[in-house]
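Chemist: This is the structure, below, for whatever I ask next.
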Amino acid sequence: MTGASPATTIDVLVVGGGSAALCAAIAARRLGAKVRLVEQAPSSLRGGNSRHARNFRLMHDEAHWYVPDSYGEAAFLGDLRRVTAGATDEVLARLLIRGSASIAPWLQENGVALQDPRSGVMPHSKRTAFFLGGGKAMVNALYATAAAVGVEIGYDSEVVALHLDDEHCSKAVIARAGIAETVAAKSVVLACGGHQADRAWLRESFGDVADGLVIRGTPYVTGRVLRLLLEAGAKPVGDPAQAHIVAVDARGPAVDGGIVTRITAIPYGIVVDRNAQRFHDEGEDARKTHYARWGARIAQCDGQIAYLIMDAAGRARALPTALPPIEADSLNELAGKLELDAAALSATLGAFNAAVRSTGATEALVPPKSHGAKPLTEPPFAAYPMRPGLTFTHFGVAVDERMRVQTKDGDRLDNIFAAGMIMAANVLGRGYLAGLGVTLSAVFGRLAGEEAARHGR
Ligand SMILES: Cc1cc2nc3c(=O)[nH]c(=O)nc-3n(C[C@H](O)[C@H](O)[C@H](O)COP(=O)(O)OP(=O)(O)OC[C@H]3O[C@@H](n4cnc5c(N)ncnc54)[C@H](O)[C@@H]3O)c2cc1C
C-alpha cells in the first residue's frame with residue numbers, strides 16, 4: 001500500500017455498507033451532516049448480510065397494511081428475554097423495541113418497499129414485516145436514497161486503522177486499490193458487522209470445527225474494525241464462541257450462499273452422521289425454525305457433516321430447495337451416492353422402522369424420534385448432505401443508549417458510535433428471534449447516525 005494521503009475532513013464517517021450503515025448515513029445526512037460511507041465490498045456485492053434478509057421484527061399496537069394484528073412492547077420483550085435466557089441489556093432492548101415501532105414508515109420514507117401480507121407470498125406473521133423483493137431490494141433502495149440525499153459513497157474501501165487518542169477518534173485510514181487515504185471525521189459510526197467471516201478468529205473460539213463451517217453471508221465481514229476497537233480498549237460484550245448456526249445444504253457455496261441453502265425438512269426423515277448413525281431426535285422440534293437448532297448439532301459431528309434421509313413420502317412434504325435432493329431407487333444406491341457404509345445405513349434404517357409405533361413416536365430406540373415418526377420404506381429415497389451454516393456470532397462491543405462505544409474502564413469513546421451486528425450482543429447475547437437482525441441494524445443504525453450528526457455539530 002502506498003503512503004497515506006493528507007487528511008480530508010467530514011462530519012460523519014460511516015464504516016460499512018449494510019442496513020446499519022445505510023440507515024446511519026441517511027439519518028445523519030438528513031440532519032445536515034456531511035457524510036461519507038465506506039463499503040469494503042465492490043458495488044456488485046455491496047450490502048453485507050443485509051442483502052440476504054427478508055423480514056424485520058417490529059412492535060405495533062394495531063394492524064397496518066404491511067403487518068396484521070398487534071405485537072406490543074411486553075410481548076416483544078418477553079420473546080427477547082425467552083430466547084436470550086436473560087442475556088439482554090433491558091435498557092437497550094426497550095430502546096430497540098420502541099424504535100422498531102417507527103422503523104417501517106421510516107424505511108418506506110427512504111424508498112424501501114414492503115410486501116403486502118395479504119398477497120400470501122410470505123408466511124403469515126404478526127411479528128415481522130417482509131421486504132418486497134427481499135433484502136437486496138431493500139439495500140438497493142437505501143443506496144439510491146443515500147446517494148440522492150448527498151451521502152458520498154465509496155466501494156472497495158476498507159477501514160484498516162483508527163487513530164485514537166484520549167478516547168477520541170481523530171482519523172481513520174481507508175485502503176482502496178492499494179492506496180491509503182487518511183480521513184478526519186468529527187464522528188465515526190462503525191456499522192461493519194461482526195467477525196463471522198474471519199475463519200482464523202472463528203478457529204480461536206471453535207477450534208477445528210471452524211474449518212467445517214459454511215459462512216452463510218458476505219465474506220467481507222471479517223471483524224477487522226472490531227479487533228481494532230477491542231485493542232484500543234473497547235469493552236467486549238457477549239461470547240465469540242456463541243453463534244447462530246443453522247443446517248445448510250453441504251453442496252452450497254462455502255460463503256455467501258444466503259437463505260436458499262437452508263434445509264427445513266428434518267422432521268420428515270432421519271438424520272445420520274458420516275458413520276450412518278442417528279444422533280438426535282428428529283421429531284423434537286417440528287417448528288419451521290427447527291433448522292436453526294440443527295446447525296450446532298451438525299457442528300459437533302465428525303467432519304461437520306450429516307445427512308437427512310427421507311423416503312418418497314417425506315420428500316413430498318419437503319419444501320422445494322435450491323438444489324434438489326440426491327435420489328436413488330434403493331437405500332444401497334443412496335448410500336453409494338452419499339459415500340456412506342451401505343450396511344450401516346440399512347441397519348440404522350431397519351432399527352428405526354422397527355421402532356416406529358402408530359402413535360407417531362419410536363419405542364425403545366436411542367435416540368428416539370418423539371413426533372412425526374413414520375417408517376421410511378417408499379422409494380425413491382432422497383437425501384440432503386448438511387453442514388453447519390454460520391449466520392453471526394454473539395460477540396461485539398458494548399454501547400450506551402446513545403450508541404457510543406464503551407471502554408473497559410467504564411468510560412466511553414467520545415466520538416465513536418456503533419450499530420448493527422458489531423454491537424448486537426448487547427441485546428442478543430444468545431439465541432435468535434426471526435427478523436431481529438435487520439431491526440437491530442435499522443433502528444440502532446438510524447439512532448447512531450442521528451447521534452453522530454449531533455455530536456459533529
Ligand atoms: C443468509 C442470511 C439470512 C438472513 N435473514 C435475515 C432476515 O430475514 N431477517 C433479519 O432480520 N436478519 C436476517 N439475517 C441477519 C441480518 O442480515 C443481519 O443481522 C443484518 O442485516 C446485519 O446488518 P449490518 O448492517 O449490521 O451488517 P451487514 O449487513 O453484514 O453489513 C456489514 C458491512 O460492513 C462492511 N465492512 C466490513 N468491514 C469493513 C471495513 N473494515 N471497512 C469498510 N466496510 C466494512 C461489509 O462489506 C458489509 O457491507 C440474515 C443473515 C444471513 C447471513
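Naming scheme: A, B, ... for chains in displayed order of the C-alpha cells; residues 1 onward per chain; ligands 1 onward as shown.
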Go through the chains and note each residue within 6 Å of ligand 1, using only C-alpha atoms and all ligand atoms, then give the set as an MDAnalysis selection string.

Modeler: chainID A and resid 15:21 38:41 46:50 52:56 157:160 191:193 216:217 220:221 224:225 258:259 391 420:421 435:439 441

Chemist: Mind checking which residues fall within 10 Å of stretch 321-334 of chain A, counting only C-alpha atoms, ignoring those fewer than 3 positions away in the same chain, and posting them as a count of residues only?

Modeler: 36

Chemist: Give the helix (DSSP H, G or I) residues of stretch 116-343 of chain A, as DSSP finds them on the backbone, and put them as number ranges by chain.

Modeler: A: 117-119, 134-149, 199-212, 224-231, 259-261, 266-268, 288-299, 302-304, 312-317, 331-338, 342-343

Chemist: Any idea what's packed within 8 Å of A:Arg317, counting only C-alpha atoms, ignoring anything in its chain fewer than 3 positions away? Could you give it as a list in words?

Modeler: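 Close residues of A:Arg317: Ala265, Tyr268, Ala313 and Gly314 of chain A.
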
Chemist: Taking N, CA and C atoms for each residue, export the selection above as a short mmCIF file (atom, residue, chain, number, x, y, z; two decimals), in the first residue's frame.

Modeler:
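Printed below is part.cif as written:
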data_model
loop_
_atom_site.label_atom_id
_atom_site.label_comp_id
_atom_site.auth_asym_id
_atom_site.auth_seq_id
_atom_site.Cartn_x
_atom_site.Cartn_y
_atom_site.Cartn_z
N ALA A 265 -36.44 -29.60 6.17
CA ALA A 265 -37.31 -30.78 6.10
C ALA A 265 -36.94 -31.87 7.11
N TYR A 268 -39.18 -34.66 8.56
CA TYR A 268 -39.80 -35.63 7.64
C TYR A 268 -38.93 -36.86 7.39
N ALA A 313 -42.42 -40.40 0.60
CA ALA A 313 -43.48 -39.68 1.32
C ALA A 313 -42.90 -38.44 2.02
N GLY A 314 -41.75 -38.59 2.64
CA GLY A 314 -41.11 -37.45 3.32
C GLY A 314 -40.70 -36.39 2.32
#

Chemist: Would you pick out the contacts of stretch 276-286 of chain A at 6 Å or less, using only C-alpha atoms, so that residues sharing its chain but fewer than 2 positions from it are not included, and give the list as a PDB file with C-alpha atoms, in the first residue's frame?

Modeler:
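Result file follows (out.pdb):
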ATOM      1  CA  PRO A 267     -38.856 -33.643  10.783  1.00  0.00           C
ATOM      2  CA  VAL A 271     -30.549 -37.638  10.262  1.00  0.00           C
ATOM      3  CA  VAL A 272     -27.364 -39.707  10.280  1.00  0.00           C
ATOM      4  CA  ASP A 273     -23.705 -38.827  10.673  1.00  0.00           C
ATOM      5  CA  ARG A 274     -20.920 -39.969   8.348  1.00  0.00           C
ATOM      6  CA  HIS A 290     -36.042 -26.236  13.669  1.00  0.00           C
ATOM      7  CA  ALA A 344     -24.614 -49.419   8.422  1.00  0.00           C
ATOM      8  CA  LEU A 345     -27.256 -47.204   6.783  1.00  0.00           C
ATOM      9  CA  PRO A 367     -32.095 -41.555  20.335  1.00  0.00           C
ATOM     10  CA  PRO A 368     -35.881 -41.615  19.898  1.00  0.00           C
ATOM     11  CA  LYS A 369     -37.903 -39.844  17.260  1.00  0.00           C
ATOM     12  CA  SER A 370     -40.584 -38.427  19.508  1.00  0.00           C
ATOM     13  CA  HIS A 371     -43.008 -36.943  16.971  1.00  0.00           C
ATOM     14  CA  GLY A 372     -43.878 -37.472  13.318  1.00  0.00           C
TER      15      GLY A 372
END

Chemist: At a cut-off of 12 Å, using only C-alpha atoms, what residues contact A:Gly78? Leave out same-chain residues fewer than 4 positions from it and give the result as a tab-separated table (two decimals) with C-alpha atoms, in the first residue's frame.

Modeler:
chain	number	residue	atom	x	y	z
A	71	TYR	CA	-47.40	-7.10	18.77
A	72	GLY	CA	-46.83	-4.94	21.81
A	73	GLU	CA	-43.75	-3.95	23.77
A	74	ALA	CA	-44.35	-6.52	26.52
A	82	ARG	CA	-37.02	-16.02	26.45
A	83	VAL	CA	-34.60	-16.61	23.56
A	84	THR	CA	-31.68	-14.89	25.24
A	85	ALA	CA	-32.36	-16.52	28.61
A	86	GLY	CA	-31.85	-13.07	30.10
A	88	THR	CA	-30.08	-8.87	27.08
A	90	GLU	CA	-33.02	-4.28	29.18
A	93	ALA	CA	-33.75	-3.81	24.46
A	94	ARG	CA	-36.58	-1.37	25.24
A	97	ILE	CA	-38.34	-2.29	20.65
A	433	LEU	CA	-35.72	-14.11	17.04

Chemist: From the DSSP assignment of the backbone, select every residue of stretch 337-403 of chain A that is strand (DSSP E), and format the answer as a list in words.

Modeler: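 Of stretch 337-403 of chain A, the ones in strand (DSSP E) are Phe381, Ala382, Ala383, Tyr384, Pro385, Met386, Arg387, Pro388, Gly389, Leu390, Thr391, Phe392, Thr393, His394, Phe395, Gly396 and Val397 of chain A.
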
Chemist: Output the selection as a tab-separated table (two decimals), in the first residue's frame - N, CA and C atoms for each residue.

Modeler:
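That gives us part.tsv:
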chain	number	residue	atom	x	y	z
A	381	PHE	N	-35.69	-43.12	-2.50
A	381	PHE	CA	-35.16	-42.48	-1.29
A	381	PHE	C	-34.44	-41.19	-1.69
A	382	ALA	N	-34.42	-40.26	-0.75
A	382	ALA	CA	-33.81	-38.95	-1.06
A	382	ALA	C	-32.97	-38.49	0.13
A	383	ALA	N	-31.96	-37.69	-0.14
A	383	ALA	CA	-31.07	-37.24	0.94
A	383	ALA	C	-30.54	-35.84	0.66
A	384	TYR	N	-30.34	-35.11	1.75
A	384	TYR	CA	-29.60	-33.85	1.70
A	384	TYR	C	-28.35	-33.98	2.56
A	385	PRO	N	-27.16	-33.79	2.00
A	385	PRO	CA	-25.98	-33.66	2.87
A	385	PRO	C	-26.03	-32.28	3.53
A	386	MET	N	-25.74	-32.22	4.82
A	386	MET	CA	-25.91	-30.94	5.54
A	386	MET	C	-24.63	-30.55	6.28
A	387	ARG	N	-24.39	-29.24	6.31
A	387	ARG	CA	-23.28	-28.69	7.09
A	387	ARG	C	-23.81	-27.60	8.02
A	388	PRO	N	-23.02	-27.23	9.03
A	388	PRO	CA	-23.43	-26.11	9.88
A	388	PRO	C	-23.16	-24.78	9.17
A	389	GLY	N	-24.17	-23.96	9.05
A	389	GLY	CA	-24.02	-22.67	8.37
A	389	GLY	C	-24.07	-21.53	9.39
A	390	LEU	N	-22.99	-20.78	9.45
A	390	LEU	CA	-22.86	-19.71	10.46
A	390	LEU	C	-23.48	-18.41	9.95
A	391	THR	N	-24.42	-17.87	10.72
A	391	THR	CA	-25.03	-16.59	10.34
A	391	THR	C	-24.28	-15.43	11.00
A	392	PHE	N	-24.10	-15.51	12.32
A	392	PHE	CA	-23.34	-14.48	13.05
A	392	PHE	C	-22.94	-15.03	14.40
A	393	THR	N	-21.98	-14.37	15.04
A	393	THR	CA	-21.61	-14.74	16.40
A	393	THR	C	-22.23	-13.73	17.37
A	394	HIS	N	-22.38	-14.17	18.61
A	394	HIS	CA	-22.96	-13.29	19.63
A	394	HIS	C	-21.84	-12.53	20.34
A	395	PHE	N	-21.16	-11.69	19.60
A	395	PHE	CA	-19.99	-11.02	20.18
A	395	PHE	C	-19.81	-9.65	19.53
A	396	GLY	N	-19.44	-8.68	20.33
A	396	GLY	CA	-19.21	-7.34	19.78
A	396	GLY	C	-18.72	-6.39	20.84
A	397	VAL	N	-19.03	-5.10	20.65
A	397	VAL	CA	-18.60	-4.09	21.63
A	397	VAL	C	-19.81	-3.54	22.37

Chemist: From the list A:Ala137, A:Leu92, A:Val443, A:Leu31, which residue is nearest A:Leu58 when using only C-alpha atoms?

Modeler: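 Between A:Ala137, A:Leu92, A:Val443, A:Leu31, the residue approaching A:Leu58 most closely is A:Val443.
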
Chemist: Env of A:Ala354: 12 Å cut, atoms = only C-alpha atoms, seq-sep filter 2 positions within chain, self excluded. Answer as a ChimeraX atom specification.

Modeler: /A:347-352,356-358,361-365,373-377

Chemist: Separation of atom CA of A:Ala241 and atom CA of A:Ala292, in Å?

Modeler: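 That distance, rounded to one decimal, is 16.1 Å.
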
Chemist: Using only C-alpha atoms, can you tell me which of A:Ser100, A:Gly223, A:Asn110, A:Ile215 comes closest to A:His244?

Modeler: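 Of the candidates, the smallest distance to A:His244 is held by A:Ile215.
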
Chemist: For each of A:Ser125, A:Gln115, A:Asn426, A:Gln108, take the minimum atom-to-atom distance to A:Arg57, counting only C-alpha atoms, then give the residue where this is smallest.

Modeler: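 The shortest atom-to-atom distance to A:Arg57 comes from A:Ser125.
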
Chemist: Which of these, A:Ala335, A:Leu114, A:Ala25, A:Cys169, has the shortest distance to A:Val405 once you count only C-alpha atoms?

Modeler: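 The closest residue to A:Val405 is A:Cys169.
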